[in-house]
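**Student:** Let me begin by handing over the structure; questions about it come next.
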Amino acid sequence: MLELDDVTVTFAAGPPFRRIRLDAMRHVSLSVGEGETLGLVGESGSGKTTTSRVALGLQRPTAGTVRFDGRPFPRRRRELAGRMQAVLQHPHWSLNPRMRVGQSVAEPLDVLGRTDGNAVTEMLEHVGLSADFAGRYPHELSGGQRQRVSIARALVTRPGFLVFDEAVSALDVSVQVQILNLIKDLQAEYGFSALFISHDLGAVRYVADRIAVMRAGEVVETADTRTFYTAPAHEYSKQLLEAL
Amino acid sequence: ATGTTTTPAPAAQETAAPGFLAVADQALAKGGTLNLQVHIDSGAATGYDPQLADVATTWQLLSLSYETLVTVGPDFGVQPLLAEKWDTPDDKTYVFHLRKGVTFSNGREMTADDVVGSLKRLLASKSVWAGQLGPVEEITKDGDGKVRVTLKEPYTPFLAALANVPAAILPMKEIDDKSVDPATTLLGTGPYVVENHRQDVSWTFKRNDAYWNQGKPAADTLNITIAPEEAARIAALQNGGAALATLGNVDSETMLAGAKDVKVVTQATTDFYYLMLNSLKPGSKLADPKVRQAIGIALDTQQIADVALGGKGKPTAITPAGLPGACDPAALPSAARSLDEAKQLLAEAGAQNLSFTLTIFNTEPAPAVAQVIQQNLQQAGITVKIEQLDEASWSGKVYGKAPAEFDAAMSWFAGYADPGMVTKWWNPETAGFNAGFMKPDPELSKLIDAANQQPQDRAKALADVCARADADAQMIPLVTRPSTVAYRADALSPSLYATEGYGNVLRLVADARVKKPQ
Amino acid sequence: MSLLSVRNLVIDYDRTRALDGASLEVAQGETVGLVGESGSGKSTLGSAAGRLLPRAARRTEGEVLVAGEPVFDLPDGRLRHLRRRHLGFVFQDPIGSLDPTMRVGAQLRLVLGRGGDVRFHLGRVRLDDPRVLRAYPHQLSGGMAQRVAIAMAMATSPDLLVADEPTAALDSQVREEVSNMIFSLAAEAGTSILWLSHDLPAVARRCDRVAVMYGGRVVESGPAREVLGNPAHPYTAALAGSAPAAAAHGVRLEPVPGRPPVLTGPSPGCAFAPRCAFAEERCEHERPAPVRVRDQDVLCHRAAGLRLGPSQQEEVKA
Amino acid sequence: MRLLMWWSGRALSSAATLLGVSVLIFAAVRLMPGGFAETVLGPFATAEQKAELAARYGLDQPVFMQYGHWLGAVAGGDFGISMISRQPVGAELLARLPVTAELTVLAVAASVLLGVPLGVLTAVRARPTGGGGLGRLVSGLGVSVPEFVLGSLVVFVFSRYTLGLEVGSWIPLTQDPAANLATMILPAAVLSVFSISVTARTTRDAVMGVLVEPYVTAAVGRGESPWFIVRHHVLRNAATPVVTLVGTTTAYLLGGALIVEHVFNLPGVGSYLVQAVGRRDYAVVQAGVLLAAGVFIVMNVLIDLLVGAIDPRLGVMAGRRS
Amino acid sequence: MRKLDRLSIGGLACLAVLVLFALGSLAGAGGDPDAIVGPRLQPPGPGWWLGTDNLGRSVLPRVMEGVGTTLLLSSIAVLVTAVLSAAFGILAGYRGGYLNELVMRLVEVLYSFPAIVLAILVAAVLGPGQTAALAGIVLVTIPLMTRLVRAAAVAVSQRDYVTSAVISGARLPRVLLRHVLPNVAGTIAVQGTYALSVGIAVEGGLSFLGFGVQPPQASLGVLIQQGGTYMIAAPWLILGPGVVLVAAILAINVVGDGLRDRLEPRETRSLT
Ligand SMILES: Nc1ncnc2c1ncn2[C@@H]1O[C@H](COP(=O)(O)OP(=O)(O)OP(=O)(O)O)[C@@H](O)[C@H]1O
Ligand SMILES: Nc1ncnc2c1ncn2[C@@H]1O[C@H](COP(=O)(O)OP(=O)(O)OP(=O)(O)O)[C@@H](O)[C@H]1O
Ligand SMILES: [Mg+2]
Ligand SMILES: [Mg+2]
Ligand code: NI
């Protein structure tokens with residue numbers, strides 16, 4: 001489904017001249033198979049979000065190639081409409097404050113020109129929000145409620161590829177489980193691929209089929225979930241698991 | 001509808017000598033500083049050269065340093081100035097006896113050569129005023145201290161024309177040896193010398209200690225502030241910042257009513273507003289004399305005077321009302337005809353739904369006059385659209401091209417001191433500036449020249465000119481333009497004429513006495 | 001007498017009831033974990049302890065006592081004294097809670113006043129580095145910023161520290177470090193802690209007592225191990241049973257069925273009733289009164305009759 | 001080094017702006033109807049006279065040549081000769097600059113000293129229901145009274161009645177600073193009314209934005225007093241938009257100064273410019289506008305530096321992060 | 001979403017009255033604004049309920065006409081400004097790059113002109129009159145608004161909801177219109193009302209200097225300018241239009257603030 005081959009992303013910060021160069025990703029190779037969930041873990045600043053942006057085609061790699069569905073990204077983003085979705089990291093800015101929750105969730109459908117009468121309320125209920133939330137504005141929600149709205153928005157078109165960037169970290173465990181179950185159920189139902197980014201190794205273990213560990217822009221280990229949690233290969237992975 | 005006028009009682013006006021609005025109190029001590037404010041500075045590409053000055057404000061300022069052979073007295077009588085007296089051996093010859101002991105402000109004595117040179121320089125220049133001197137044939141020195149001017153034909157306004165600043169006597173020796181450039185330096189025989197001038201900000205004049213007229217000027221220093229905004233001038237009068245100021249609003253008197261010690265007087269002038277109708281614009285209905293006459297008939301100049309000028313102006317014919325010998329505007333043919341006749345004339349010309357644009361500049365009271373005109377003509381079924389431009393755009397539009405592109409425009413003429421002087425502008429061939437919108441009327445031109453060559457029975461000749469111009473109606477005289485002056489009675493005792501021919505409020509400033517030496 | 005005493009507190013927003021009669025006691029020197037469903041009113045309760053709610057919030061009923069003083073009825077000066085001397089706050093967004101235009105050193109100095117020893121206080125949170133002093137908040141990592149915030153909150157050795165998810169934005173190792181710091185500093189100073197968190201294992205490990213919120217009320221409180229290991233309220237049981245970290249790989253966790261409630265007025269009965277496996281008729285329309293079950297205070301009509309484990313729920317056959 | 005780069009970047013964009021201004025103003029004055037020849041020479045001028053005048057000032061050359069010459073001269077510090085006063089424009093502007101500068105500085109000072117406290121006060125007192133009604137009314141009133149009305153009123157009242165302050169006279173600062181200030185206070189007050197209101201409004205907005213920031217809540221939680229918080233945390237953080245506004249209002253104030261100078265008859269750049277426009281004194285208009293643009297650009301560079309100093313995240317030296 | 005507060009509703013009502021006033025003038029209520037109906041400078045009385053001006057015209061119909069002229073002129077101008085600023089500001093802010101550079105440079109050039117000089121130049125070039133006043137107001141108000149809209153748009157463009165929309169495959173117009181525009185609308189509303197006050201002031205200033213609407217048409221600027229000269233002799237000349245102008249700008253500002261609060265509902269916190 002998605003292949004990152006030897007991708008490097010370099011940011012230049014600061015004014016021209018004496019720029020600070022910073023490799024957010026260094027020679028990263030990853031792939032997400034059809035119907036598979038890849039968990040991406042690593043410390044803060046290790047390049048997880050950058051990886052997801054590359055995967056979504058929002059960030060052009062400095063070097064390396066990205067293939068989505070076997071092809072490089074089309075020049076016109078529009079051709080991918082409805083094929084991928086994401087839950088982005090910052091719940092605070094994930095929702096348009098001028099749009100009611102219902103409108104936000106319905107937007108991906110609108111883009112595709114589909115108006116599915118009940119899809120929105122159904123999806124809201126799936127993420128544990130009652131239908132009357134559709135009429136609310138984002139500033140009236142708690143952090144967790146907002147997060148759930150963005151999840152609903154990401155799932156509503158049933159896209160083939162999804163990125164969850166810290167999608168459940170603002171939620172309490174019971175809601176977390178609800179959402180994680182929802183992800184699993186939908187995946188079982190129509191088999192999307194996903195990149196699941198989280199600090200929370202427990203949540204990752206719960207949903208991911210394979211796990212990649214990033215550190216300082218590099219992927220230090222990739223393994224399937226069971227192997228990773230029982231016999232991590234890399235020193236850093238062991239450290240991570242100890243903290244769990 | 002006609003408006004009535006609320007004219008404030010002229011209580012403020014002192015009862016002064018006939019012909020005067022105020023006479024300086026000679027008993028007061030001399031000396032002191034006089035602070036004046038005027039609304040506009042001189043500003044010409046020609047600099048300070050008096051001969052080339054063509055704007056009344058410039059004349060006014062230059063008259064403090066420059067003097068002419070003769071001057072105008074109250075009620076427009078010509079009086080001696082640099083010439084002590086003059087003879088007129090025949091009606092084409094003038095011999096001026098120059099005053100002795102007159103020096104320029106650099107100390108050099110004025111000679112007959114200066115006078116001859118000045119007048120010759122004027123005639124040779126491109127100055128408008130060259131034409132006002134009439135058909136001068138020859139200017140010669142007639143022995144020491146005398147200058148003889150010979151005309152080709154008699155020319156009545158000759159002396160009056162000599163009485164204005166462009167005919168000032170310049171230091172010709174210095175000009176000829178190029179040690180003085182009159183465009184940048186003021187060097188005259190007048191009562192004051194310039195100490196400082198900041199363009200559009202202020203002038204400072206100091207008394208000329210060597211002034212020939214002993215005892216004059218009274219005030220030691222004149223500070224003239226340029227204050228374009230009326231409110232600022234009114235403020236300066238009220239708080240004593242200015243002892244005298246020129247005012248533009250016809251209601252200034254009312255506005256300053258109650259201000260302590262401030263006296264407002266209205267000086268009648270011979271300047272007058274006139275309407276230009278472009279008869280040269282291709283396809284314009286205004287080319288038809290009937291249409292123009294209809295407009296002339298429909299205009300209610302009395303209402304313009306009463307409403308737009310607050311009763312301060314007077315209807316006038318092309319000879320400025322108020323000048324001795326000027327024709328009676330009420331006796332003009334158009335004054336006797338009715339609106340119906342105007343409509344009929346329009347109908348005859350096939351111009352029932354006449355509509356044209358009136359281009360004016362934006363200085364009050366021009367917009368007020370234009371709006372009354374608009375109302376007047378509406379009565380005759382004529383639609384006037386007013387186009388108000390800044391002065392530069394206005395002159396560009398009115399004088400910039402020949403044939404000119406405007407339909408109708410409004411302006412004012414300085415009226416001068418002789419009724420025949422301004423009539424010359426009705427002949428575009430001599431006037432020049434109006435050749436772009438006015439067809440010469442040979443008949444009228446002949447009458448104009450005749451009136452100026454004919455010292456006898458001039459009134460009749462002028463009346464013919466007026467009637468003919470009224471029928472021609474390419475330029476229609478409207479109303480005279482009043483000039484308002486206000487001064488602090490507690491700070492100043494000024495001398496002011498009741499009427500002014502050359503728009504010079506400062507004419508008698510050398511007489512003015514400062515009450516509180518500052 | 002308890003240090004913090006929240007009594008039947010009702011807080012309303014424009015169209016939401018955030019707290020619906022919450023009661024909570026925190027004793028001197030005690031560490032209390034406040035857990036619960038997202039949207040259940042934890043942040044609201046935490047802020048109410050210092051009357052730090054947005055203006056849109058209205059206290060409809062109830063009161064909050066800190067050191068015996070009614071927070072909502074104090075004049076401004078006294079309230080400020082209370083906050084300054086007796087209360088400390090640490091919020092979720094570490095960098096955001098520091099003034100972005102002021103160097104870290106200057107901010108601390110401002111808080112400590114003239115005589116304060118900035119280096120000492122930074123040293124306490126293991127940041128005794130001159131570079132930190134000169135840094136601006138945005139130049140710090142999240143963990144460092146949170147430690148600065150803790151240093152500021154603990155500078156006056158408050159009686160009660162309210163920490164609203166102070167580690168949620170940090171990654172796991174840093175998270176551990178920061179939590180340790182808060183608890184050790186508080187222990188040193190004898191400060192009570194009200195710890196708002198989603199991290200049940202951490203709460204269980206660190207806190208003396210736990211209060212569980214649901215639908216704007218504290219539905220169960222008691223000793224941490226008891227509450228999480230041996231819950232008396234059905235919601236607590238459901239919550240405790242659904243931590244993904246605890247589940248073995250491949251096991252499907254069963255979340256609480258249904259949706260969290262959103263209140264607009266007082267809930268007529270038990271807010272959890274619609275999702276509760278044990279609900280009976282009166283749960284729907286009779287508000288449960290607090291009952292004492294073992295060591296816990298519980299808001300449940302049926303608490304006394306249920307035996308619940310963190311992962312299995314069973315009804316005690318009578 | 002970085003600073004150097006920043007400066008050269010600023011210099012480049014400033015130069016681009018100035019160049020744009022120069023093109024625009026040059027084109028504008030030439031597009032204005034009514035040539036300066038007619039204006040200056042009067043209706044009686046002959047065609048030769050006009051041509052001669054045009055030749056004297058190089059106006060007979062192709063426009064591009066004129067522009068080139070002018071730009072070259074300006075680059076060399078020569079702003080040309082006023083066609084009216086025939087004085088060098090540069091010197092004349094310089095002589096008038098102090099008045100306008102003083103007026104603007106006083107007005108800016110007033111807007112900061114009055115507008116900021118007013119804004120802070122109304123923000124701190126604001127209610128969730130869009131309250132702060134009185135503050136809103138007051139600042140609304142400020143923007144609704146045009147300078148020329150207020151100016152005329154003040155001029156009249158203060159000249160009619162002895163109220164301690166003089167109008168209609170102007171004393172150079174160098175001559176008598178105290179007297180100068182006394183004559184400048186009223187015009188500056190009239191000029192500043194609008195900007196005080198706008199400043200107050202912007203401040204109110206900025207402060208309200210800052211008040212909901214977590215660090216303010218944190219400070220409240222620490223028991224700091226409102227004024228302590230305002231002084232130490234709010235002002236600095238709300239300053240960026242206010243400072244930016246103050247920078248941009250200078251442009252507005254320069255324009256307003258023009259009307260105020262006119263009403264109070266102060267010999268400043270503004271009244272000079274208006275008169276020059278009226279008389280088509282090209283060199284003066286061009287130089288005046290260029291001067292105003294220069295001042296504006298310098299002002300904005302200063303503002304950027306100031307903003308950088310206030311908020312380290314926006315500073316010249318700060319790196320960019322998303 | 002919050003309702004408009006009471007102050008704003010008052011402002012709206014005030015504006016409505018003014019619009020009615022202006023419409024009344026179109027319908028001929030109050031009389032012919034150009035007709036000379038009585039003696040000059042009469043205080044209010046029957047036949048001229050707000051007095052007469054220096055030409056003996058009744059002030060009432062002139063004020064009514066003036067309200068219409070001014071409101072129409074400045075609202076059209078501000079509308080144009082708002083549309084242009086929104087279009088350029090949003091596009092420049094969202095797209096960045098050369099477009100941004102170009103727009104910002106242009107804006108800065110305009111901004112560098114002292115406002116009233118710019119207006120005068122425009123009036124002189126176009127010839128005075130309504131079009132010139134309109135263009136003048138637009139050119140004077142456009143720089144600030146574009147600048148602020150762009151700044152707001154830059155901030156909004158980086159928000160995750162915009163990214164989400166892009167990921168969803170939303171086309172540029174949709175992203176700009178549904179996500180960026182509504183989130184900069186508060187800025188536009190506030191700046192719009194600010195521009196409206198500036199517009200009215202510019203129109204007045206132009207009239208004051210003689211470049212405004214052409215006589216005999218009345219605008220508030222013209223009336224106030226004339227009234228200003230007669231402040232002492234005939235205070236009613238400035239009172240009517242002055243009160244109306246202040247009321248109009250005040251109402252506009254108050255409504256603008258209210259509108260912004262409505263468009264950008266936000267939390268408020270007290271410091272105690
Ligand atoms: N647009 C950008 N410009 C410059 N640097 C950037 C940019 N985006 C990210 N970085 C840097 O790249 C590095 C990787 O960032 P990234 O956001 O991918 O980390 P992360 O693993 O998602 O961290 P976290 O867990 O905190 O979200 C960081 O050091 C960050 O500062
Ligand atoms: N400013 C506000 N305006 C309106 N409603 C609000 C506001 N803040 C919170 N709420 C509502 O109040 C309820 C309680 O919110 P609160 O933030 O206290 O929850 P929480 O327990 O902290 O949740 P989370 O774990 O998601 O942070 C929620 O239903 C929320 O929608
Ligand atoms: Mg990230
Ligand atoms: Mg919370
Ligand atoms: Ni105490």
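For the structure tokens, the naming scheme is as follows: chains receive sequential letters (A, B, ...) according to their order of presentation, residues are indexed from 1 within each chain, and ligands are indexed from 1 in presentation order.
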Residues of chain B near chain D: apply a cut-off of 6 Å, count only C-alpha atoms, and supply the list as a short mmCIF file (atom, residue, chain, number, x, y, z; two decimals) with N, CA and C atoms, in the first residue's frame.

**Tutor:**
```
data_model
loop_
_atom_site.label_atom_id
_atom_site.label_comp_id
_atom_site.auth_asym_id
_atom_site.auth_seq_id
_atom_site.Cartn_x
_atom_site.Cartn_y
_atom_site.Cartn_z
N GLY B 43 3.15 83.10 -5.76
CA GLY B 43 3.82 81.88 -6.17
C GLY B 43 3.75 81.78 -7.66
N ALA B 44 4.78 82.20 -8.30
CA ALA B 44 4.77 82.18 -9.75
C ALA B 44 6.11 81.70 -10.24
N ALA B 45 6.08 81.11 -11.39
CA ALA B 45 7.33 80.63 -11.96
C ALA B 45 8.25 81.80 -12.23
N GLN B 199 8.49 80.42 1.52
CA GLN B 199 7.37 80.17 0.62
C GLN B 199 6.24 79.47 1.35
N ALA B 227 -1.89 81.81 5.79
CA ALA B 227 -2.78 80.84 6.46
C ALA B 227 -3.92 80.48 5.51
N GLU B 229 -6.13 78.29 5.59
CA GLU B 229 -7.39 77.87 6.18
C GLU B 229 -8.05 79.03 6.91
N ALA B 232 -8.13 79.14 10.68
CA ALA B 232 -6.88 79.51 11.32
C ALA B 232 -6.75 81.03 11.39
N ALA B 235 -9.08 82.32 13.97
CA ALA B 235 -8.51 82.03 15.29
C ALA B 235 -7.45 83.06 15.65
N ALA B 236 -6.60 83.35 14.68
CA ALA B 236 -5.52 84.29 14.96
C ALA B 236 -6.07 85.66 15.30
N GLN B 238 -8.99 86.23 16.68
CA GLN B 238 -9.64 86.18 17.98
C GLN B 238 -8.66 86.20 19.12
N ASN B 239 -7.55 85.48 18.95
CA ASN B 239 -6.64 85.45 20.09
C ASN B 239 -5.52 86.47 19.95
N ALA B 392 -5.67 73.77 -10.23
CA ALA B 392 -4.76 73.36 -11.31
C ALA B 392 -5.51 72.60 -12.39
N SER B 393 -6.36 71.67 -11.95
CA SER B 393 -7.13 70.90 -12.93
C SER B 393 -8.06 71.84 -13.69
N GLY B 396 -6.16 73.74 -16.18
CA GLY B 396 -5.80 72.82 -17.26
C GLY B 396 -6.96 72.60 -18.20
N PHE B 433 -6.09 84.46 -23.73
CA PHE B 433 -6.41 83.30 -22.89
C PHE B 433 -7.73 82.66 -23.24
#
```

**Student:** Could you list, as a ChimeraX atom specification, all the residues within 12 Å of ligand 3, counting only C-alpha atoms and all ligand atoms?

**Tutor:** /A:24,40-53,87-90,163-167,169,196-199,214,217 /C:169-171 /D:322

**Student:** As a list in words, please: the residues near A:Pro61 (cut-off 8 Å, only C-alpha atoms, same-chain neighbours under 2 positions excluded).

**Tutor:**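 These residues fall inside the cut-off: Val7, Thr8, Val9, Thr10, Val54, Gln59, Ala63, Gly64 and Thr65 of chain A.
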
**Student:** Can I get the selected residues back with all heavy atoms, as a tab-separated table (two decimals), in the first residue's frame?

**Tutor:**
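Below is the file again-v9.tsv, written as the result:
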```
chain	number	residue	atom	x	y	z
A	7	VAL	N	14.06	7.29	2.68
A	7	VAL	CA	13.61	8.69	2.68
A	7	VAL	C	14.38	9.51	3.70
A	7	VAL	O	14.57	9.08	4.85
A	7	VAL	CB	12.10	8.78	3.00
A	7	VAL	CG1	11.69	10.21	3.25
A	7	VAL	CG2	11.29	8.18	1.86
A	8	THR	N	14.84	10.65	3.25
A	8	THR	CA	15.49	11.60	4.15
A	8	THR	C	14.75	12.93	4.04
A	8	THR	O	14.40	13.35	2.93
A	8	THR	CB	16.97	11.81	3.77
A	8	THR	OG1	17.63	10.55	3.89
A	8	THR	CG2	17.63	12.83	4.66
A	9	VAL	N	14.48	13.52	5.18
A	9	VAL	CA	13.87	14.86	5.16
A	9	VAL	C	14.76	15.78	5.97
A	9	VAL	O	15.08	15.49	7.12
A	9	VAL	CB	12.45	14.86	5.75
A	9	VAL	CG1	11.95	16.28	5.89
A	9	VAL	CG2	11.52	14.05	4.86
A	10	THR	N	15.19	16.83	5.34
A	10	THR	CA	16.05	17.79	6.03
A	10	THR	C	15.32	19.12	6.14
A	10	THR	O	14.81	19.63	5.15
A	10	THR	CB	17.36	17.98	5.25
A	10	THR	OG1	17.91	16.70	5.00
A	10	THR	CG2	18.34	18.82	6.05
A	54	VAL	N	5.20	12.68	5.38
A	54	VAL	CA	5.73	12.16	4.12
A	54	VAL	C	4.76	11.12	3.56
A	54	VAL	O	4.43	11.12	2.38
A	54	VAL	CB	7.13	11.56	4.34
A	54	VAL	CG1	7.58	10.77	3.10
A	54	VAL	CG2	8.13	12.65	4.67
A	59	GLN	N	4.61	16.31	2.81
A	59	GLN	CA	6.00	16.74	2.92
A	59	GLN	C	6.79	16.03	1.84
A	59	GLN	O	6.75	14.81	1.74
A	59	GLN	CB	6.52	16.33	4.31
A	59	GLN	CG	7.98	16.57	4.53
A	59	GLN	CD	8.27	18.04	4.76
A	59	GLN	OE1	7.64	18.67	5.62
A	59	GLN	NE2	9.17	18.60	3.98
A	63	ALA	N	15.32	13.36	0.00
A	63	ALA	CA	15.87	12.28	-0.81
A	63	ALA	C	15.03	11.04	-0.59
A	63	ALA	O	14.33	10.94	0.41
A	63	ALA	CB	17.32	12.02	-0.42
A	64	GLY	N	15.11	10.12	-1.53
A	64	GLY	CA	14.35	8.89	-1.38
A	64	GLY	C	13.02	8.96	-2.11
A	64	GLY	O	12.65	10.00	-2.65
A	65	THR	N	12.33	7.84	-2.16
A	65	THR	CA	11.08	7.81	-2.90
A	65	THR	C	9.95	7.30	-2.02
A	65	THR	O	10.16	6.58	-1.05
A	65	THR	CB	11.18	6.86	-4.11
A	65	THR	OG1	11.64	5.59	-3.65
A	65	THR	CG2	12.12	7.41	-5.16
```

**Student:** Nearest residue to chain C out of A:Leu241, A:Val207, A:Ser174, A:Val219, using only C-alpha atoms?

**Tutor:**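 Among A:Leu241, A:Val207, A:Ser174, A:Val219, it is A:Ser174 that comes nearest to chain C.
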
**Student:** Identify, counting only C-alpha atoms and all ligand atoms, the protein, DNA and RNA residues located within 9 Å of ligand 2, and give them as a ChimeraX atom specification.

**Tutor:** /A:138-147,170-172 /C:11-19,35-47,53-57,164-165,196-198,213-216,261-263 /E:266-268
